[in-house]
Every structure is written in C-alpha cells, then in structure tokens.
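Below is one structure, written out as structure tokens; comments come after it.
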Amino acid sequence: MAEFVGPRLYSCCKCGNHVSLHDDIISKAFQGRHGRAFLFSHAMNIVLGPKEDRHLMTGLHTVADISCADCRELLGWKYERAYEASQKYKEGKYIFEKLKIVKENW
C-alpha cells in the first residue's frame with residue numbers, strides 16, 4: 001500500500017516552521033543579501049516588517065522584510081512595489097534566502 005506523501009515544503013532553517021510550498025516557486029535565479037534566493041508567489045507563517053524603499057540590483061523597490069512567525073528569524077523580503085515597469089511582476093511576491101530555508105517532504 002502506498003504511503004501518503006504530503007506537499008513538498010520549505011521551512012525556517014532555525015525552528016522548522018513551514019513558510020512556503022515548493023509549488024509556489026516562481027524563480028530560483030535571484031540574489032539575496034547572503035547569496036542565492038528564490039522568488040515565491042505565496043508565503044505562510046511569516047511576519048512582515050515595515051515597508052521601506054531599497055535600491056536592489058534591479059532598481060528601486062519598496063520592500064518589507066519577512067521573518068518567521070515562530071522564532072523571528074529574518075528569511076528575506078516581500079516586494080510591495082516596483083518602480084520600473086519591467087519589474088512590476090515582483091509586486092506582492094516573496095524572496096526567501098536559500099540559506100534561511102530548508103526542504104521538507106522531499
């Protein structure tokens with residue numbers, strides 16, 4: 001009999017809190033503060049910090065840091081606004097730094 005396998009998840013590296021689904025990855029070709037980062041369409045069990053304008057590699061964006069809702073580990077940021085037309089697709093999306101998340105159910 002086949003064993004039920006749940007969805008593939010990403011969890012906080014510090015406490016294991018589930019923060020996103022593998023199916024929500026848009027791109028793995030992003031750069032975070034500390035190396036490679038993934039762009040996700042959705043996030044869960046996170047806390048948003050205050051919005052602020054930041055000059056990133058692709059121009060000026062309004063972003064809010066995202067932290068784990070359980071342990072408050074800084075995981076990445078949410079794109080609130082992109083000022084350049086070519087970057088508008090990022091609005092409302094989440095960056096998780098690869099070093100800050102771990103795979104679960106793989």
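Chain labels run A, B, ... following the order of the structure tokens; each chain numbers its residues from 1, and ligands are numbered from 1 in the order shown.
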
Neighbouring residues of Glu97 (chain A) were defined as those with any atom within 6 Å, considering only C-alpha atoms; residues of the same chain fewer than 6 positions away were excluded. Please report them as a compact mmCIF listing (two decimals) with all heavy atoms, in the first residue's frame.
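Full text of selection.txt as output:
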# COMPACT_ATOMS: atom_id res chain seq x y z
N GLY A 32 19.98 37.25 -3.00
CA GLY A 32 19.59 37.81 -1.71
C GLY A 32 20.75 38.56 -1.09
O GLY A 32 21.78 38.80 -1.73
N ALA A 37 18.82 33.22 -3.81
CA ALA A 37 17.49 33.37 -3.22
C ALA A 37 16.44 32.90 -4.22
O ALA A 37 16.69 32.83 -5.42
CB ALA A 37 17.24 34.82 -2.83
N GLY A 76 13.95 36.86 4.46
CA GLY A 76 14.01 37.51 3.16
C GLY A 76 13.17 38.77 3.15
O GLY A 76 13.16 39.50 4.14

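Residue neighbourhood of Leu48 (chain A), excluding near-sequence residues (fewer than 3 positions): Ala64, Asp65, Ile66 and Ser67 of chain A, at 7 Å, using only C-alpha atoms.
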
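If only C-alpha atoms are the atoms counted, then among A:Leu21, A:Val63, A:Arg33, A:Lys28 the closest residue to Asn45 (chain A) is A:Leu21.
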
Residues within 7 Å of Val19 (chain A), please, as a ChimeraX atom specification. Count only C-alpha atoms; anything in the same chain fewer than 3 positions from it doesn't count. /A:10-12,43-46

So that I can check the secondary structure, give me every residue of chain A assigned strand (DSSP E or B) by backbone DSSP, as a ChimeraX atom specification. /A:9-12,18-21,25-32,35-40,46-56,59-68,74-82,94-97,101-104

Contact check, region 17-62 of chain A to region 82-95 of chain A, at most 8 Å, counting only C-alpha atoms, closest pairs as a Markdown table:
| residue | atom | partner | partner_atom | distance |
| --- | --- | --- | --- | --- |
| A:Gly32 | CA | A:Ile95 | CA | 7.6 |
| A:Ala37 | CA | A:Ile95 | CA | 6.4 |
| A:Phe38 | CA | A:Ile95 | CA | 5.6 |
| A:Leu39 | CA | A:Ile95 | CA | 4.7 |
| A:Phe40 | CA | A:Tyr94 | CA | 5.1 |
| A:Ser41 | CA | A:Lys93 | CA | 5.0 |
| A:His42 | CA | A:Lys93 | CA | 6.6 |
| A:Ala43 | CA | A:Tyr94 | CA | 6.9 |
| A:Thr58 | CA | A:Gln87 | CA | 7.6 |
| A:Gly59 | CA | A:Glu84 | CA | 7.2 |
| A:Leu60 | CA | A:Tyr83 | CA | 6.1 |
| A:His61 | CA | A:Ala82 | CA | 4.6 |
| A:Thr62 | CA | A:Ala82 | CA | 6.5 |

Those residues you just picked out, can you put them in a file as a CSV table (one decimal), in the first residue's frame with N, CA, C and O atoms?
chain,number,residue,atom,x,y,z
A,32,GLY,N,20.0,37.2,-3.0
A,32,GLY,CA,19.6,37.8,-1.7
A,32,GLY,C,20.7,38.6,-1.1
A,32,GLY,O,21.8,38.8,-1.7
A,37,ALA,N,18.8,33.2,-3.8
A,37,ALA,CA,17.5,33.4,-3.2
A,37,ALA,C,16.4,32.9,-4.2
A,37,ALA,O,16.7,32.8,-5.4
A,38,PHE,N,15.3,32.6,-3.7
A,38,PHE,CA,14.2,32.1,-4.5
A,38,PHE,C,13.0,33.1,-4.4
A,38,PHE,O,12.7,33.6,-3.4
A,39,LEU,N,12.3,33.3,-5.6
A,39,LEU,CA,11.1,34.1,-5.6
A,39,LEU,C,9.9,33.2,-5.5
A,39,LEU,O,9.8,32.2,-6.3
A,40,PHE,N,9.0,33.5,-4.6
A,40,PHE,CA,7.8,32.7,-4.3
A,40,PHE,C,6.6,33.5,-4.6
A,40,PHE,O,6.6,34.7,-4.3
A,41,SER,N,5.5,32.9,-5.0
A,41,SER,CA,4.2,33.6,-5.2
A,41,SER,C,3.5,33.8,-3.9
A,41,SER,O,2.7,34.7,-3.7
A,42,HIS,N,3.7,32.9,-2.9
A,42,HIS,CA,3.0,32.9,-1.6
A,42,HIS,C,3.9,32.6,-0.5
A,42,HIS,O,5.0,31.9,-0.7
A,43,ALA,N,3.6,33.0,0.7
A,43,ALA,CA,4.3,32.6,1.9
A,43,ALA,C,3.3,32.4,3.0
A,43,ALA,O,2.2,32.8,3.0
A,58,THR,N,18.1,45.3,-9.3
A,58,THR,CA,17.2,45.6,-10.5
A,58,THR,C,16.5,46.9,-10.4
A,58,THR,O,15.5,47.2,-11.0
A,59,GLY,N,17.0,47.8,-9.5
A,59,GLY,CA,16.4,49.1,-9.3
A,59,GLY,C,15.8,49.4,-8.0
A,59,GLY,O,15.9,48.6,-7.0
A,60,LEU,N,15.0,50.5,-7.9
A,60,LEU,CA,14.4,50.9,-6.7
A,60,LEU,C,13.1,50.1,-6.5
A,60,LEU,O,12.3,50.0,-7.4
A,61,HIS,N,12.9,49.5,-5.3
A,61,HIS,CA,11.7,48.8,-4.9
A,61,HIS,C,11.3,49.2,-3.5
A,61,HIS,O,12.1,49.5,-2.7
A,62,THR,N,10.0,49.1,-3.2
A,62,THR,CA,9.5,49.2,-1.8
A,62,THR,C,9.4,47.8,-1.4
A,62,THR,O,8.7,47.0,-2.0

Tell me, which residues of region 23-100 of chain A carry DSSP helix (DSSP H, G or I), written as a PDB file with N, CA, C and O atoms, in the first residue's frame?
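Output file part.pdb is given in full below:
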ATOM      1  N   ASP A  23       5.612  24.267  -4.757  1.00  0.00           N
ATOM      2  CA  ASP A  23       4.812  24.608  -5.941  1.00  0.00           C
ATOM      3  C   ASP A  23       4.661  26.115  -6.144  1.00  0.00           C
ATOM      4  O   ASP A  23       4.254  26.549  -7.226  1.00  0.00           O
ATOM      5  N   ASP A  24       4.979  26.908  -5.137  1.00  0.00           N
ATOM      6  CA  ASP A  24       4.842  28.366  -5.231  1.00  0.00           C
ATOM      7  C   ASP A  24       6.118  29.063  -5.705  1.00  0.00           C
ATOM      8  O   ASP A  24       6.167  30.289  -5.775  1.00  0.00           O
ATOM      9  N   ALA A  85       8.785  49.521 -14.849  1.00  0.00           N
ATOM     10  CA  ALA A  85       7.737  48.714 -15.482  1.00  0.00           C
ATOM     11  C   ALA A  85       8.154  47.254 -15.658  1.00  0.00           C
ATOM     12  O   ALA A  85       7.352  46.341 -15.444  1.00  0.00           O
ATOM     13  N   SER A  86       9.408  47.021 -15.995  1.00  0.00           N
ATOM     14  CA  SER A  86       9.880  45.651 -16.236  1.00  0.00           C
ATOM     15  C   SER A  86       9.947  44.803 -14.962  1.00  0.00           C
ATOM     16  O   SER A  86      10.086  43.585 -15.033  1.00  0.00           O
ATOM     17  N   GLN A  87       9.835  45.438 -13.807  1.00  0.00           N
ATOM     18  CA  GLN A  87       9.934  44.737 -12.531  1.00  0.00           C
ATOM     19  C   GLN A  87       8.594  44.575 -11.818  1.00  0.00           C
ATOM     20  O   GLN A  87       8.517  44.009 -10.731  1.00  0.00           O
ATOM     21  N   LYS A  88       7.519  45.044 -12.422  1.00  0.00           N
ATOM     22  CA  LYS A  88       6.189  45.021 -11.792  1.00  0.00           C
ATOM     23  C   LYS A  88       5.724  43.610 -11.444  1.00  0.00           C
ATOM     24  O   LYS A  88       4.932  43.422 -10.515  1.00  0.00           O
ATOM     25  N   TYR A  89       6.204  42.597 -12.162  1.00  0.00           N
ATOM     26  CA  TYR A  89       5.794  41.214 -11.890  1.00  0.00           C
ATOM     27  C   TYR A  89       6.172  40.751 -10.488  1.00  0.00           C
ATOM     28  O   TYR A  89       5.593  39.801  -9.959  1.00  0.00           O
ATOM     29  N   LYS A  90       7.110  41.428  -9.844  1.00  0.00           N
ATOM     30  CA  LYS A  90       7.567  41.052  -8.500  1.00  0.00           C
ATOM     31  C   LYS A  90       6.622  41.540  -7.399  1.00  0.00           C
ATOM     32  O   LYS A  90       6.678  41.028  -6.282  1.00  0.00           O
ATOM     33  N   LYS A  98      18.098  31.311   0.229  1.00  0.00           N
ATOM     34  CA  LYS A  98      18.302  29.861   0.227  1.00  0.00           C
ATOM     35  C   LYS A  98      18.910  29.367   1.544  1.00  0.00           C
ATOM     36  O   LYS A  98      18.544  28.300   2.039  1.00  0.00           O
ATOM     37  N   LEU A  99      19.827  30.127   2.108  1.00  0.00           N
ATOM     38  CA  LEU A  99      20.477  29.726   3.358  1.00  0.00           C
ATOM     39  C   LEU A  99      19.533  29.749   4.564  1.00  0.00           C
ATOM     40  O   LEU A  99      19.852  29.201   5.610  1.00  0.00           O
ATOM     41  N   LYS A 100      18.377  30.398   4.427  1.00  0.00           N
ATOM     42  CA  LYS A 100      17.460  30.571   5.555  1.00  0.00           C
ATOM     43  C   LYS A 100      16.297  29.585   5.559  1.00  0.00           C
ATOM     44  O   LYS A 100      15.479  29.593   6.475  1.00  0.00           O
TER      45      LYS A 100
END

From the list A:Cys68, A:Lys103, A:Phe96, A:Lys78, the nearest residue to Cys15 (chain A) using only C-alpha atoms is A:Cys68
